[in-house]
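S.K.: Just one file: protein-v6.cif, with mmCIF, C-alpha atoms.
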```
data_input
#
loop_
_atom_site.group_PDB
_atom_site.id
_atom_site.type_symbol
_atom_site.label_atom_id
_atom_site.label_comp_id
_atom_site.auth_asym_id
_atom_site.auth_seq_id
_atom_site.Cartn_x
_atom_site.Cartn_y
_atom_site.Cartn_z
ATOM 1 C CA MET H 6 -3.145 15.529 5.943
ATOM 2 C CA GLN H 7 -2.033 13.694 2.830
ATOM 3 C CA ALA H 8 -3.970 10.974 1.068
ATOM 4 C CA LYS H 9 -2.377 7.554 1.263
ATOM 5 C CA PRO H 10 -0.733 7.224 -2.153
ATOM 6 C CA SER H 11 -0.897 3.465 -2.552
ATOM 7 C CA GLY H 12 -4.574 3.331 -1.656
ATOM 8 C CA VAL H 13 -5.405 6.258 -3.897
ATOM 9 C CA ALA H 14 -3.482 4.851 -6.850
ATOM 10 C CA PHE H 15 -5.095 1.459 -6.442
ATOM 11 C CA ALA H 16 -8.565 2.998 -6.112
ATOM 12 C CA ALA H 17 -8.077 5.004 -9.286
ATOM 13 C CA ALA H 18 -6.964 1.921 -11.178
ATOM 14 C CA LEU H 19 -9.768 -0.098 -9.654
ATOM 15 C CA ALA H 20 -12.348 2.493 -10.590
ATOM 16 C CA ALA H 21 -11.095 2.467 -14.155
ATOM 17 C CA ILE H 22 -11.170 -1.322 -14.355
ATOM 18 C CA VAL H 23 -14.230 -2.230 -12.315
ATOM 19 C CA ALA H 24 -16.445 0.648 -13.321
ATOM 20 C CA GLY H 25 -16.384 -0.514 -16.891
ATOM 21 C CA CYS H 26 -19.317 1.839 -17.253
ATOM 22 C CA GLY H 27 -22.433 2.380 -15.164
ATOM 23 C CA GLY H 28 -26.158 2.813 -15.752
ATOM 24 C CA SER H 29 -29.688 2.914 -14.509
ATOM 25 C CA GLY H 30 -32.559 3.922 -16.715
ATOM 26 C CA ARG H 31 -32.540 5.134 -20.299
ATOM 27 C CA VAL H 32 -34.333 8.191 -21.547
ATOM 28 C CA ALA H 33 -34.862 8.054 -25.276
ATOM 29 C CA HIS H 34 -34.175 11.499 -26.735
ATOM 30 C CA GLY H 35 -33.897 10.770 -30.407
ATOM 31 C CA HIS H 36 -33.325 8.226 -33.082
ATOM 32 C CA GLN H 37 -31.682 4.940 -32.360
ATOM 33 C CA LEU H 38 -27.944 5.131 -32.858
ATOM 34 C CA SER H 39 -26.100 2.829 -35.190
ATOM 35 C CA LYS H 40 -23.385 0.612 -33.761
ATOM 36 C CA ALA H 41 -20.682 2.996 -35.053
ATOM 37 C CA GLN H 42 -22.453 6.059 -33.616
ATOM 38 C CA TYR H 43 -22.851 4.375 -30.236
ATOM 39 C CA GLU H 44 -19.199 3.317 -30.216
ATOM 40 C CA ARG H 45 -18.144 6.923 -30.903
ATOM 41 C CA LYS H 46 -20.375 8.256 -28.122
ATOM 42 C CA ILE H 47 -19.066 5.822 -25.541
ATOM 43 C CA GLN H 48 -15.479 6.485 -26.708
ATOM 44 C CA VAL H 49 -15.888 10.247 -26.178
ATOM 45 C CA ASP H 50 -17.381 9.781 -22.701
ATOM 46 C CA GLY H 51 -14.705 7.240 -21.810
ATOM 47 C CA ARG H 52 -11.844 9.494 -22.946
ATOM 48 C CA VAL H 53 -12.740 12.146 -20.367
ATOM 49 C CA LEU H 54 -12.778 9.579 -17.563
ATOM 50 C CA THR H 55 -9.570 7.985 -18.807
ATOM 51 C CA LYS H 56 -7.801 11.359 -18.692
ATOM 52 C CA LEU H 57 -9.066 12.128 -15.182
ATOM 53 C CA GLY H 58 -8.317 8.683 -13.707
ATOM 54 C CA PRO H 59 -4.574 9.182 -13.241
ATOM 55 C CA THR H 60 -5.165 12.490 -11.439
ATOM 56 C CA LEU H 61 -6.619 10.487 -8.534
ATOM 57 C CA ALA H 62 -3.207 8.998 -7.804
ATOM 58 C CA CYS H 63 -1.658 12.031 -6.162
ATOM 59 C CA SER H 64 0.989 11.064 -3.649
ATOM 60 C CA ARG H 65 1.705 14.667 -2.703
ATOM 61 C CA CYS H 66 -1.833 15.989 -2.585
ATOM 62 C CA SER H 67 -3.313 17.592 0.439
ATOM 63 C CA ALA H 68 -6.633 16.192 1.619
ATOM 64 C CA ALA H 69 -8.353 19.182 -0.006
ATOM 65 C CA GLN H 70 -6.608 18.613 -3.352
ATOM 66 C CA PHE H 71 -7.466 14.924 -3.246
ATOM 67 C CA ALA H 72 -11.099 15.766 -2.490
ATOM 68 C CA GLN H 73 -11.216 18.154 -5.473
ATOM 69 C CA ARG H 74 -9.843 15.483 -7.776
ATOM 70 C CA ILE H 75 -12.370 12.919 -6.545
ATOM 71 C CA ASP H 76 -15.152 15.469 -7.035
ATOM 72 C CA ALA H 77 -13.999 16.240 -10.597
ATOM 73 C CA PHE H 78 -13.914 12.546 -11.444
ATOM 74 C CA GLY H 79 -17.362 12.067 -9.905
ATOM 75 C CA ALA H 80 -18.751 14.990 -11.902
ATOM 76 C CA ALA H 81 -17.314 13.519 -15.104
ATOM 77 C CA ALA H 82 -18.881 10.135 -14.277
ATOM 78 C CA ARG H 83 -22.266 11.832 -13.733
ATOM 79 C CA LYS H 84 -21.949 13.697 -17.037
ATOM 80 C CA ALA H 85 -21.028 10.490 -18.884
ATOM 81 C CA ALA H 86 -23.995 8.717 -17.267
ATOM 82 C CA ASP H 87 -26.359 11.508 -18.312
ATOM 83 C CA ASP H 88 -24.963 11.494 -21.841
ATOM 84 C CA LEU H 89 -25.272 7.726 -22.274
ATOM 85 C CA ASP H 90 -28.680 7.698 -20.592
ATOM 86 C CA ALA H 91 -29.950 10.295 -23.059
ATOM 87 C CA THR H 92 -29.030 8.156 -26.063
ATOM 88 C CA THR H 93 -30.983 5.460 -27.792
ATOM 89 C CA PRO H 94 -28.364 2.747 -28.287
ATOM 90 C CA PRO H 95 -28.733 -0.082 -30.782
ATOM 91 C CA LYS H 96 -31.225 -2.709 -29.596
ATOM 92 C CA ASP H 97 -28.522 -5.234 -28.746
ATOM 93 C CA ALA H 98 -26.751 -2.678 -26.530
ATOM 94 C CA GLU H 99 -29.776 -1.370 -24.590
ATOM 95 C CA PRO H 100 -29.517 -3.597 -21.483
ATOM 96 C CA ASP H 101 -25.747 -3.166 -21.325
ATOM 97 C CA ASN H 102 -26.046 0.606 -21.736
ATOM 98 C CA GLU H 103 -28.490 0.694 -18.815
ATOM 99 C CA ALA H 104 -26.051 -1.245 -16.626
ATOM 100 C CA ILE H 105 -23.226 1.071 -17.647
ATOM 101 C CA VAL H 106 -25.275 4.159 -16.827
ATOM 102 C CA ALA H 107 -26.210 2.671 -13.426
ATOM 103 C CA GLY H 108 -22.547 1.989 -12.639
ATOM 104 C CA LEU H 109 -21.508 5.503 -13.648
ATOM 105 C CA ARG H 110 -24.277 6.943 -11.478
ATOM 106 C CA ALA H 111 -23.101 4.848 -8.512
ATOM 107 C CA LEU H 112 -19.425 5.726 -8.930
ATOM 108 C CA PRO H 113 -19.496 9.286 -7.483
ATOM 109 C CA GLY H 114 -21.113 8.105 -4.244
ATOM 110 C CA LEU H 115 -18.677 5.230 -3.902
ATOM 111 C CA LEU H 116 -15.755 7.561 -4.514
ATOM 112 C CA ASP H 117 -17.133 10.022 -1.951
ATOM 113 C CA GLU H 118 -17.141 7.229 0.624
ATOM 114 C CA PHE H 119 -13.598 6.315 -0.348
ATOM 115 C CA LYS H 120 -12.590 9.979 -0.094
ATOM 116 C CA LYS H 121 -14.020 10.213 3.425
ATOM 117 C CA VAL H 122 -12.141 7.129 4.564
ATOM 118 C CA VAL H 123 -8.800 8.131 3.054
ATOM 119 C CA THR H 124 -8.907 11.752 4.237
ATOM 120 C CA SER H 125 -9.918 10.731 7.762
ATOM 121 C CA GLU H 126 -7.225 8.057 8.064
ATOM 122 C CA GLY H 127 -9.817 5.302 7.901
ATOM 123 C CA ASP H 128 -9.160 1.886 6.432
ATOM 124 C CA PRO H 129 -8.499 2.389 2.698
ATOM 125 C CA LEU H 130 -8.410 -1.362 2.110
ATOM 126 C CA GLN H 131 -11.979 -1.695 3.367
ATOM 127 C CA ALA H 132 -13.023 1.305 1.279
ATOM 128 C CA MET H 133 -11.404 -0.279 -1.790
ATOM 129 C CA SER H 134 -13.175 -3.540 -1.048
ATOM 130 C CA ASP H 135 -16.510 -1.717 -0.849
ATOM 131 C CA LEU H 136 -15.779 -0.018 -4.155
ATOM 132 C CA GLU H 137 -14.601 -3.222 -5.794
ATOM 133 C CA ASN H 138 -17.618 -5.202 -4.577
ATOM 134 C CA SER H 139 -20.264 -2.707 -5.603
ATOM 135 C CA PRO H 140 -22.999 -4.669 -7.384
ATOM 136 C CA LYS H 141 -23.617 -1.795 -9.814
ATOM 137 C CA LEU H 142 -19.953 -1.537 -10.756
ATOM 138 C CA LYS H 143 -19.733 -5.297 -11.196
ATOM 139 C CA ALA H 144 -22.833 -5.202 -13.405
ATOM 140 C CA ALA H 145 -21.337 -2.351 -15.437
ATOM 141 C CA ASP H 146 -18.112 -4.289 -15.905
ATOM 142 C CA LYS H 147 -20.087 -7.337 -17.034
ATOM 143 C CA ALA H 148 -22.051 -5.121 -19.454
ATOM 144 C CA ALA H 149 -18.826 -3.746 -20.963
ATOM 145 C CA ILE H 150 -17.568 -7.304 -21.455
ATOM 146 C CA ASP H 151 -20.893 -8.253 -23.036
ATOM 147 C CA LEU H 152 -20.701 -5.335 -25.462
ATOM 148 C CA LYS H 153 -17.208 -6.438 -26.458
ATOM 149 C CA LYS H 154 -18.543 -9.955 -27.107
ATOM 150 C CA HIS H 155 -21.127 -8.371 -29.413
ATOM 151 C CA GLY H 156 -18.303 -6.758 -31.379
ATOM 152 C CA TYR H 157 -18.401 -3.262 -29.895
ATOM 153 C CA LYS H 158 -15.059 -1.493 -29.782
ATOM 154 C CA PHE H 159 -14.717 1.429 -27.442
ATOM 155 C CA GLY H 160 -11.398 1.163 -25.567
ATOM 156 C CA GLY H 161 -10.221 3.497 -22.829
ATOM 157 C CA PHE H 162 -12.219 3.658 -19.619
ATOM 158 C CA PHE H 163 -14.989 1.389 -20.831
ATOM 159 C CA GLY H 164 -12.773 -1.092 -22.603
ATOM 160 C CA SER H 165 -10.375 -1.918 -19.785
#
```
Reformat the file's structure so that it appears as structure tokens.
M.R.:
Amino acid sequence: MQAKPSGVAFAAALAAIVAGCGGSGRVAHGHQLSKAQYERKIQVDGRVLTKLGPTLACSRCSAAQFAQRIDAFGAAARKAADDLDATTPPKDAEPDNEAIVAGLRALPGLLDEFKKVVTSEGDPLQAMSDLENSPKLKAADKAAIDLKKHGYKFGGFFGS
């Protein structure tokens, strides 16, 4: 069974736009990063997700291939969440970093639900709506916008 290409492509784009980041709690593992150091860290984590995003739009993938791509993207989101959660961002970025980490932590589960719907010929529009309306992803997107307002530049996945 093949994944529905239009739904998959839209979900990948939506994930990249809406998931601005993600976050839950922060574990301080070192000194507080400067603004430039934090920008570099979020840029590195975002680059991996940005590279994987387009792989989700596979019009000729089997259900198994699509599932593998979703799983790889979810694993990258978890790794980015762990990495950002382990940092001590600048004071003005702490609440936004937490929201970004929470969104990244929520993303794999949301994508798993989307994967189940698409590979079982469920309603991809409803699955996209659920993804798009996730409170944690909306909060992460708002946090990314807030960081930009504070002068942070990070581009890619987080700067959409």
S.K.: Starting from the point (-25.3, 5.6, -11.4), work out which residues of protein, DNA or RNA have an atom no more than 9 Å away when counting all atoms listed in the file; state them as a short mmCIF file (atom, residue, chain, number, x, y, z; two decimals) with C-alpha atoms, in the coordinates of the input.
M.R.:
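Writing the result to out.cif gives the following:
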```
data_model
loop_
_atom_site.label_atom_id
_atom_site.label_comp_id
_atom_site.auth_asym_id
_atom_site.auth_seq_id
_atom_site.Cartn_x
_atom_site.Cartn_y
_atom_site.Cartn_z
CA GLY H 27 -22.43 2.38 -15.16
CA GLY H 28 -26.16 2.81 -15.75
CA SER H 29 -29.69 2.91 -14.51
CA ALA H 82 -18.88 10.14 -14.28
CA ARG H 83 -22.27 11.83 -13.73
CA ALA H 86 -24.00 8.72 -17.27
CA ALA H 104 -26.05 -1.25 -16.63
CA ILE H 105 -23.23 1.07 -17.65
CA VAL H 106 -25.28 4.16 -16.83
CA ALA H 107 -26.21 2.67 -13.43
CA GLY H 108 -22.55 1.99 -12.64
CA LEU H 109 -21.51 5.50 -13.65
CA ARG H 110 -24.28 6.94 -11.48
CA ALA H 111 -23.10 4.85 -8.51
CA LEU H 112 -19.42 5.73 -8.93
CA PRO H 113 -19.50 9.29 -7.48
CA GLY H 114 -21.11 8.10 -4.24
CA LYS H 141 -23.62 -1.80 -9.81
CA LEU H 142 -19.95 -1.54 -10.76
#
```
S.K.: Which residue out of H:Leu57, H:Ala72, H:Leu115, H:Val122 has the minimum interatomic distance to H:Pro140 when all atoms listed in the file are used?
M.R.: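 Going through H:Leu57, H:Ala72, H:Leu115, H:Val122 one by one, the smallest distance to H:Pro140 is for H:Leu115.
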S.K.: Find the distance between atom CA of H:Ala132 and atom CA of H:Asp90 and write it in Å to one decimal.
M.R.: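 Between atom CA of H:Ala132 and atom CA of H:Asp90 the gap works out to 27.6 Å.
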S.K.: Could you state the separation of atom CA of H:Thr93 and atom CA of H:Leu38 in Å, given to one decimal place?
M.R.: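 Calculated distance between atom CA of H:Thr93 and atom CA of H:Leu38 is 5.9 Å.
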S.K.: At a cut-off of 7 Å, can you tabulate as CSV every residue of stretch 59-96 of chain H near stretch 48-55 of chain H together with its closest atom pair and the distance in Å to one decimal, using only C-alpha atoms and ordering rows by chain then number?
M.R.:
```
residue,atom,partner,partner_atom,distance
H:Phe78,CA,H:Leu54,CA,6.9
H:Ala81,CA,H:Leu54,CA,6.5
H:Ala82,CA,H:Leu54,CA,7.0
H:Ala85,CA,H:Asp50,CA,5.3
```
S.K.: Need to verify the contact set: H:His155, 12 Å, all atoms listed in the file, exclusion of same-chain residues closer than 5 positions in sequence. Can you return it as a list in words?
M.R.: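 Using all atoms listed in the file, the neighbours found are Lys40, Glu44, Pro95, Lys96, Asp97, Ala98, Asp101, Ala148, Ala149 and Ile150 of chain H.
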S.K.: Please produce a file of the residues just selected, as a PDB file, in the frame of the given file, where the atoms kept are C-alpha atoms.
M.R.:
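Written file, out08.pdb:
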```pdb
ATOM      1  CA  LYS H  40     -23.385   0.612 -33.761  1.00  0.00           C
ATOM      2  CA  GLU H  44     -19.199   3.317 -30.216  1.00  0.00           C
ATOM      3  CA  PRO H  95     -28.733  -0.082 -30.782  1.00  0.00           C
ATOM      4  CA  LYS H  96     -31.225  -2.709 -29.596  1.00  0.00           C
ATOM      5  CA  ASP H  97     -28.522  -5.234 -28.746  1.00  0.00           C
ATOM      6  CA  ALA H  98     -26.751  -2.678 -26.530  1.00  0.00           C
ATOM      7  CA  ASP H 101     -25.747  -3.166 -21.325  1.00  0.00           C
ATOM      8  CA  ALA H 148     -22.051  -5.121 -19.454  1.00  0.00           C
ATOM      9  CA  ALA H 149     -18.826  -3.746 -20.963  1.00  0.00           C
ATOM     10  CA  ILE H 150     -17.568  -7.304 -21.455  1.00  0.00           C
TER      11      ILE H 150
END
```
S.K.: Separation of atom CA of H:Ile75 and atom CA of H:Glu103, in Å?
M.R.: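 Spanning atom CA of H:Ile75 to atom CA of H:Glu103 is a straight-line distance of 23.7 Å.
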S.K.: Go through H:Ala41, H:Ala144, H:Leu116, H:Cys63 one by one, measure the shortest atom-to-atom distance of each to H:Pro100 using all atoms listed in the file, and give the residue with the smallest value.
M.R.: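 Comparing H:Ala41, H:Ala144, H:Leu116, H:Cys63 against H:Pro100, the winner is H:Ala144.
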S.K.: Given 8 Å on each side, where is the centre and what are the edge lengths in Å to one decimal of the axis-aligned box enclosing the listed atoms of stretch 106-120 of chain H, as JSON?
M.R.:
```
{"center_x": -19.4, "center_y": 6.0, "center_z": -8.1, "size_x": 29.6, "size_y": 24.0, "size_z": 33.5}
```
S.K.: Pick out the closest residue to H:Thr60 from this set: H:Lys153, H:Arg45, H:Lys120, H:Arg74. Count only C-alpha atoms.
M.R.: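 Among H:Lys153, H:Arg45, H:Lys120, H:Arg74, it is H:Arg74 that comes nearest to H:Thr60.
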S.K.: For a cut-off of 12 Å around (-8.6, 17.7, 6.2), file coordinates, pick out all residues using all atoms listed in the file and list them as a list in words.
M.R.: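 Final list of nearby residues, as requested, is Met6, Gln7, Ala8, Cys66, Ser67, Ala68, Ala69, Gln70, Phe71, Ala72, Gln73, Lys120, Lys121, Val122, Val123, Thr124, Ser125 and Glu126 of chain H.
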